[in-house]
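A.B. asks: Coordinates in run_24.tsv, TSV, C-alpha atoms, are listed below.
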```tsv
chain	number	residue	atom	x	y	z
T	1	MET	CA	26.55	-24.27	185.33
T	2	THR	CA	28.27	-22.70	182.39
T	3	SER	CA	27.13	-23.56	178.93
T	4	SER	CA	29.71	-25.15	176.74
T	5	PRO	CA	30.62	-22.87	173.84
T	6	GLY	CA	30.25	-25.71	171.38
T	7	PHE	CA	26.66	-26.37	172.25
T	8	LYS	CA	25.27	-23.46	170.29
T	9	THR	CA	27.36	-24.41	167.27
T	10	ASP	CA	26.18	-27.99	167.51
T	11	LEU	CA	22.57	-26.89	167.71
T	12	LEU	CA	23.04	-24.66	164.68
T	13	GLY	CA	24.50	-27.56	162.77
T	14	ALA	CA	21.53	-29.74	163.57
T	15	ILE	CA	18.91	-27.27	162.37
T	16	PRO	CA	18.69	-28.44	158.74
T	17	SER	CA	18.01	-32.03	159.85
T	18	LEU	CA	15.59	-30.88	162.52
T	19	ARG	CA	13.64	-28.86	159.98
T	20	ALA	CA	13.50	-31.77	157.56
T	21	PHE	CA	12.21	-34.09	160.26
T	22	ALA	CA	9.72	-31.46	161.43
T	23	VAL	CA	8.31	-30.98	157.94
T	24	SER	CA	8.03	-34.74	157.52
T	25	LEU	CA	6.03	-34.94	160.72
T	26	ALA	CA	3.92	-31.80	160.52
T	27	GLN	CA	3.48	-31.71	156.73
T	28	ASN	CA	3.48	-27.95	156.92
T	29	ALA	CA	6.46	-25.61	156.72
T	30	ASP	CA	5.22	-23.01	159.22
T	31	LYS	CA	4.23	-25.53	161.83
T	32	ALA	CA	7.54	-27.26	161.23
T	33	ASP	CA	9.56	-24.13	161.93
T	34	ASP	CA	7.55	-23.47	165.07
T	35	LEU	CA	8.39	-26.99	166.18
T	36	VAL	CA	12.07	-26.42	165.51
T	37	GLN	CA	12.01	-23.17	167.46
T	38	GLU	CA	10.31	-24.84	170.40
T	39	THR	CA	12.83	-27.68	170.21
T	40	LEU	CA	15.79	-25.31	170.31
T	41	VAL	CA	14.40	-23.48	173.35
T	42	LYS	CA	13.74	-26.75	175.16
T	43	ALA	CA	17.13	-28.15	174.22
T	44	TRP	CA	18.81	-25.02	175.51
T	45	ASP	CA	16.98	-25.26	178.82
T	46	LYS	CA	17.75	-28.95	179.18
T	47	GLN	CA	21.33	-28.52	178.11
T	48	SER	CA	22.67	-29.91	181.37
T	49	SER	CA	20.76	-33.14	180.87
T	50	PHE	CA	22.50	-33.82	177.58
T	51	GLN	CA	25.44	-36.13	177.97
T	52	PRO	CA	28.33	-34.99	175.81
T	53	GLY	CA	29.57	-37.73	173.58
T	54	THR	CA	26.12	-39.18	173.03
T	55	ASN	CA	24.14	-38.57	169.89
T	56	LEU	CA	22.99	-34.95	169.95
T	57	LYS	CA	20.92	-35.34	166.81
T	58	ALA	CA	18.96	-38.22	168.31
T	59	TRP	CA	18.46	-36.25	171.51
T	60	LEU	CA	17.12	-33.27	169.55
T	61	PHE	CA	14.88	-35.43	167.38
T	62	THR	CA	13.40	-36.91	170.56
T	63	ILE	CA	12.60	-33.46	171.91
T	64	LEU	CA	11.08	-32.38	168.62
T	65	ARG	CA	9.00	-35.49	168.31
T	66	ASN	CA	7.67	-35.15	171.87
T	67	GLU	CA	6.79	-31.56	171.16
T	68	PHE	CA	4.96	-32.55	167.97
T	69	TYR	CA	2.82	-35.15	169.67
T	70	SER	CA	2.04	-32.98	172.66
T	71	GLN	CA	0.90	-30.20	170.31
T	72	MET	CA	-1.21	-32.68	168.40
T	73	ARG	CA	-2.87	-33.82	171.58
T	74	LYS	CA	-3.59	-30.24	172.56
T	75	ARG	CA	-5.19	-29.58	169.22
T	76	GLY	CA	-7.25	-32.72	169.43
T	77	ARG	CA	-5.60	-34.10	166.32
T	78	GLU	CA	-7.19	-31.61	163.97
T	79	VAL	CA	-3.79	-31.63	162.30
T	80	GLN	CA	-4.37	-34.65	160.25
T	81	ASP	CA	-7.76	-36.13	160.75
T	82	SER	CA	-9.92	-33.60	158.99
T	83	ASP	CA	-9.71	-33.46	155.25
T	84	GLY	CA	-5.97	-33.73	154.89
T	85	VAL	CA	-6.01	-37.43	154.28
T	86	MET	CA	-8.78	-37.34	151.73
T	87	THR	CA	-7.28	-34.54	149.68
T	88	ALA	CA	-3.97	-36.31	149.69
T	89	ARG	CA	-5.65	-39.46	148.49
T	90	LEU	CA	-7.29	-37.61	145.67
T	91	ALA	CA	-4.07	-35.86	144.84
T	92	VAL	CA	-2.27	-39.05	143.87
T	93	HIS	CA	-2.83	-39.35	140.18
T	94	PRO	CA	-1.16	-41.64	137.74
T	95	SER	CA	2.15	-40.24	136.71
T	96	GLN	CA	2.32	-39.73	133.01
T	97	HIS	CA	5.11	-41.99	131.97
T	98	GLY	CA	5.03	-44.51	134.74
T	99	LEU	CA	7.89	-42.70	136.44
T	100	LEU	CA	7.67	-42.16	140.13
T	101	ASP	CA	7.38	-38.45	140.48
T	102	LEU	CA	8.56	-36.73	143.66
T	103	GLU	CA	5.19	-35.03	144.06
T	104	ASP	CA	3.42	-38.38	143.87
T	105	PHE	CA	5.80	-39.67	146.46
T	106	ARG	CA	5.19	-36.74	148.77
T	107	ALA	CA	1.43	-37.21	148.48
T	108	ALA	CA	1.79	-40.91	149.20
T	109	LEU	CA	3.94	-40.20	152.24
T	110	GLU	CA	1.26	-37.88	153.59
T	111	GLN	CA	-1.21	-40.71	153.55
T	112	LEU	CA	0.78	-42.78	156.00
T	113	PRO	CA	-0.14	-42.72	159.68
T	114	GLU	CA	2.36	-40.62	161.67
T	115	ASP	CA	3.98	-43.58	163.40
T	116	GLN	CA	4.76	-45.26	160.11
T	117	ARG	CA	5.85	-42.07	158.44
T	118	GLU	CA	8.27	-41.11	161.19
T	119	ALA	CA	9.71	-44.61	161.27
T	120	ILE	CA	10.42	-44.77	157.57
T	121	ILE	CA	11.89	-41.26	157.62
T	122	LEU	CA	14.16	-41.96	160.57
T	123	ILE	CA	15.44	-45.20	159.09
T	124	GLY	CA	15.34	-44.54	155.39
T	125	ALA	CA	16.29	-40.87	155.26
T	126	SER	CA	17.70	-39.44	158.48
T	127	GLY	CA	20.27	-42.18	158.77
T	128	PHE	CA	19.39	-43.50	162.21
T	129	SER	CA	19.84	-47.11	163.19
T	130	TYR	CA	16.82	-49.13	164.31
T	131	GLU	CA	18.08	-48.84	167.88
T	132	GLU	CA	18.36	-45.07	167.70
T	133	ALA	CA	14.96	-44.74	166.04
T	134	ALA	CA	13.44	-46.91	168.76
T	135	GLU	CA	14.93	-44.63	171.37
T	136	ILE	CA	13.65	-41.52	169.63
T	137	CYS	CA	10.16	-42.99	169.33
T	138	GLN	CA	10.29	-44.58	172.78
T	139	CYS	CA	9.29	-48.00	171.56
T	140	ALA	CA	10.83	-51.39	170.90
T	141	VAL	CA	13.22	-52.02	168.03
T	142	GLY	CA	10.82	-54.62	166.66
T	143	THR	CA	8.06	-52.05	166.60
T	144	ILE	CA	10.18	-49.72	164.48
T	145	LYS	CA	10.99	-52.58	162.13
T	146	SER	CA	7.38	-53.48	161.64
T	147	ARG	CA	6.36	-49.84	161.16
T	148	VAL	CA	9.02	-49.36	158.51
T	149	SER	CA	7.93	-52.52	156.82
T	150	ARG	CA	4.27	-51.54	156.85
T	151	ALA	CA	5.11	-48.05	155.65
T	152	ARG	CA	7.04	-49.46	152.74
T	153	THR	CA	4.28	-51.85	151.78
T	154	ARG	CA	1.71	-49.11	152.03
T	155	LEU	CA	3.78	-46.74	149.88
T	156	GLN	CA	4.22	-49.42	147.29
T	157	GLU	CA	0.50	-50.02	147.22
T	158	ILE	CA	-0.35	-46.35	146.92
T	159	LEU	CA	2.25	-45.68	144.28
T	160	LYS	CA	1.49	-48.75	142.27
T	161	ILE	CA	-2.13	-47.75	142.18
T	162	SER	CA	-1.17	-44.32	141.00
T	163	GLY	CA	1.10	-45.77	138.35
T	164	GLU	CA	-1.27	-48.27	136.84
T	165	ALA	CA	-4.48	-46.63	135.86
T	166	ASP	CA	-7.14	-44.28	137.02
T	167	PHE	CA	-9.21	-46.81	138.87
T	168	GLY	CA	-9.73	-44.70	141.95
T	169	PRO	CA	-11.10	-46.38	145.05
T	170	ASP	CA	-11.53	-49.69	143.30
T	171	ALA	CA	-7.85	-50.10	142.76
T	172	ILE	CA	-7.67	-52.75	145.45
T	173	ALA	CA	-10.18	-54.83	143.55
T	174	THR	CA	-8.13	-54.55	140.42
T	175	GLN	CA	-5.13	-55.74	142.37
T	176	VAL	CA	-7.09	-58.75	143.50
T	177	MET	CA	-8.14	-59.54	139.97
T	178	GLY	CA	-4.55	-59.23	138.98
T	179	SER	CA	-3.35	-59.29	135.44
T	180	ALA	CA	-6.76	-60.08	134.02
T	181	VAL	CA	-7.48	-56.36	134.07
T	182	ALA	CA	-4.20	-55.16	132.69
O	1	MET	CA	23.32	-58.18	148.17
O	2	TYR	CA	19.85	-57.55	146.94
O	3	ARG	CA	17.68	-60.56	147.42
O	4	MET	CA	15.37	-61.58	144.63
O	5	ILE	CA	11.89	-61.07	145.84
O	6	LYS	CA	9.65	-63.87	144.80
O	7	ASP	CA	6.08	-62.92	144.28
O	8	THR	CA	4.31	-65.78	145.95
O	9	PRO	CA	0.85	-64.73	147.02
O	10	GLY	CA	0.05	-68.33	147.77
O	11	ALA	CA	2.20	-68.37	150.88
O	12	PRO	CA	0.22	-66.68	153.61
O	13	GLY	CA	2.06	-65.78	156.77
O	14	ALA	CA	5.41	-66.36	155.15
O	15	LYS	CA	6.52	-62.77	155.57
O	16	PRO	CA	10.20	-62.20	154.96
O	17	ARG	CA	11.87	-60.70	157.98
O	18	PRO	CA	13.64	-57.51	157.14
O	19	THR	CA	17.13	-57.62	158.56
O	20	SER	CA	18.51	-54.24	157.69
O	21	SER	CA	17.42	-50.94	156.27
O	22	ALA	CA	19.71	-51.60	153.35
O	23	GLU	CA	17.59	-54.55	152.44
O	24	LEU	CA	14.33	-52.87	153.23
O	25	LEU	CA	14.92	-49.46	151.72
O	26	GLY	CA	18.21	-49.85	149.98
O	27	ALA	CA	19.67	-47.87	147.16
O	28	ASN	CA	18.18	-50.37	144.77
O	29	SER	CA	14.70	-49.70	145.93
O	30	GLU	CA	12.69	-46.99	144.24
O	31	ILE	CA	11.06	-46.08	147.53
O	32	GLY	CA	14.41	-45.82	149.28
O	33	ARG	CA	15.67	-43.51	146.56
O	34	LYS	CA	12.60	-41.28	146.61
O	35	LEU	CA	12.68	-41.11	150.36
O	36	LYS	CA	16.26	-39.85	150.23
O	37	GLN	CA	15.43	-37.40	147.49
O	38	TYR	CA	12.43	-36.07	149.40
O	39	TYR	CA	14.43	-35.68	152.60
O	40	ASP	CA	17.62	-34.30	151.09
O	41	GLU	CA	15.59	-31.60	149.43
O	42	LEU	CA	14.21	-30.62	152.82
O	43	VAL	CA	17.62	-30.70	154.48
O	44	SER	CA	19.17	-28.48	151.83
O	45	ASP	CA	16.50	-25.85	152.30
O	46	GLU	CA	18.04	-22.58	153.45
O	47	VAL	CA	17.79	-22.03	157.20
O	48	PRO	CA	16.00	-18.79	158.13
O	49	ASP	CA	17.99	-16.28	160.20
O	50	ARG	CA	15.51	-16.42	163.04
O	51	PHE	CA	17.05	-19.61	164.37
O	52	GLU	CA	20.53	-18.21	164.71
O	53	GLN	CA	19.06	-15.10	166.31
O	54	LEU	CA	17.10	-17.24	168.71
O	55	LEU	CA	20.19	-19.14	169.77
O	56	SER	CA	22.13	-15.94	170.27
O	57	GLN	CA	19.32	-14.63	172.45
O	58	LEU	CA	19.32	-17.82	174.48
O	59	GLU	CA	23.05	-17.54	174.88
O	60	GLN	CA	22.68	-13.97	176.15
O	61	THR	CA	20.00	-14.77	178.70
O	62	LYS	CA	22.13	-17.60	180.03
O	63	LYS	CA	25.03	-15.25	180.67
O	64	ASP	CA	22.96	-12.62	182.45
```
Could you take the file, read its structure, and then write that structure out as structure tokens?

C.D. replies:
Amino acid sequence: MTSSPGFKTDLLGAIPSLRAFAVSLAQNADKADDLVQETLVKAWDKQSSFQPGTNLKAWLFTILRNEFYSQMRKRGREVQDSDGVMTARLAVHPSQHGLLDLEDFRAALEQLPEDQREAIILIGASGFSYEEAAEICQCAVGTIKSRVSRARTRLQEILKISGEADFGPDAIATQVMGSAVA
Amino acid sequence: MYRMIKDTPGAPGAKPRPTSSAELLGANSEIGRKLKQYYDELVSDEVPDRFEQLLSQLEQTKKD
């Protein structure tokens, strides 16, 4: 079959979003760009399976996401399990004026499990509907909703802790004790 | 449009059901705003040339 001339242009146009999603998933710019490259090659090969008129961005995100998880499986999850989580945890310090700093936010986002992080990114930042996100993640709409909800709660917890005081690991206890501490 | 969120820790199991992302992560929410800011910064990052080159290569191989 002949490739449609618009396909390349459409792929080019999707690259900025693909890279943003890849960085959000991989938490590393080099790995992210490798993912995008792999996605473009796969998308090109599977071009005939894309139905024109459907959402190309969602189709590409699905390919990228599958690639990410298959790479993670191959690497035995060394990507995130090692010390990444701990360093991120330590990196969240109280912001100086109680303002939510972008760096704090980034560090908090890194602490989320991948499934929650991708859900909140797809819904809250990439502009997908719950239905589209469910299709990209190959799960039920309700699952996406609950992941987004848990991600949000978790972020609030992490960021509130960082905003209140330097209590470290006991911050949960201070939350339980409530205003008595403050 | 933005519901007042009552802080009632004494109501276990009474989780509000999120109905839309606007409610969950809307423009009024600090997390929603930061999420956008974080992502928009990534999207606006300059795309390296290698991707356009890659696509041109793919286009060539297809024609051959």

A.B. asks: How far is it from CA of Glu59 in chain O to CA of Ala22 in chain T, in Å with one decimal?

C.D. replies: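 These two atoms are separated by 23.5 Å.
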
A.B. asks: When the cut-off is 6 Å and we count only C-alpha atoms, which residues of chain T are near chain O, given as a list of chain:residue names?

C.D. replies: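 Every residue of chain T that passes the 6 Å test is in T:Pro16, T:Ser17, T:Ala20, T:Ala125.
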
A.B. asks: Kindly indicate which residue among T:Lys8, T:Asp115, T:Cys137, T:Ser126 lies nearest to Gln60 in chain O, using all atoms listed in the file for the distances.

C.D. replies: T:Lys8

A.B. asks: Return the single residue from T:Phe21, T:Leu11, T:Leu159, T:Val148 that is closest to Val41 in chain T, with distances computed using all atoms listed in the file.

C.D. replies: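 Residue with the minimum atom-to-atom distance to Val41 in chain T: T:Leu11.
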
A.B. asks: Fewer than 5 positions away in the same chain doesn't count, so skip those; otherwise give me all residues within 12 Å of range 66-68 of chain T, counting only C-alpha atoms, as a ChimeraX atom specification.

C.D. replies: /T:21-27,31-43,59-61,73-75,77,79,114-115,118,135-138

A.B. asks: Which value, in Å to one decimal, gives the distance between CA of Ile144 in chain T and CA of Tyr130 in chain T?

C.D. replies: 6.7 Å

A.B. asks: Work out how far apart CA of Arg154 in chain T and CA of Leu112 in chain T are and give it in Å to one decimal.

C.D. replies: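 CA of Leu112 in chain T lies 7.5 Å from CA of Arg154 in chain T.
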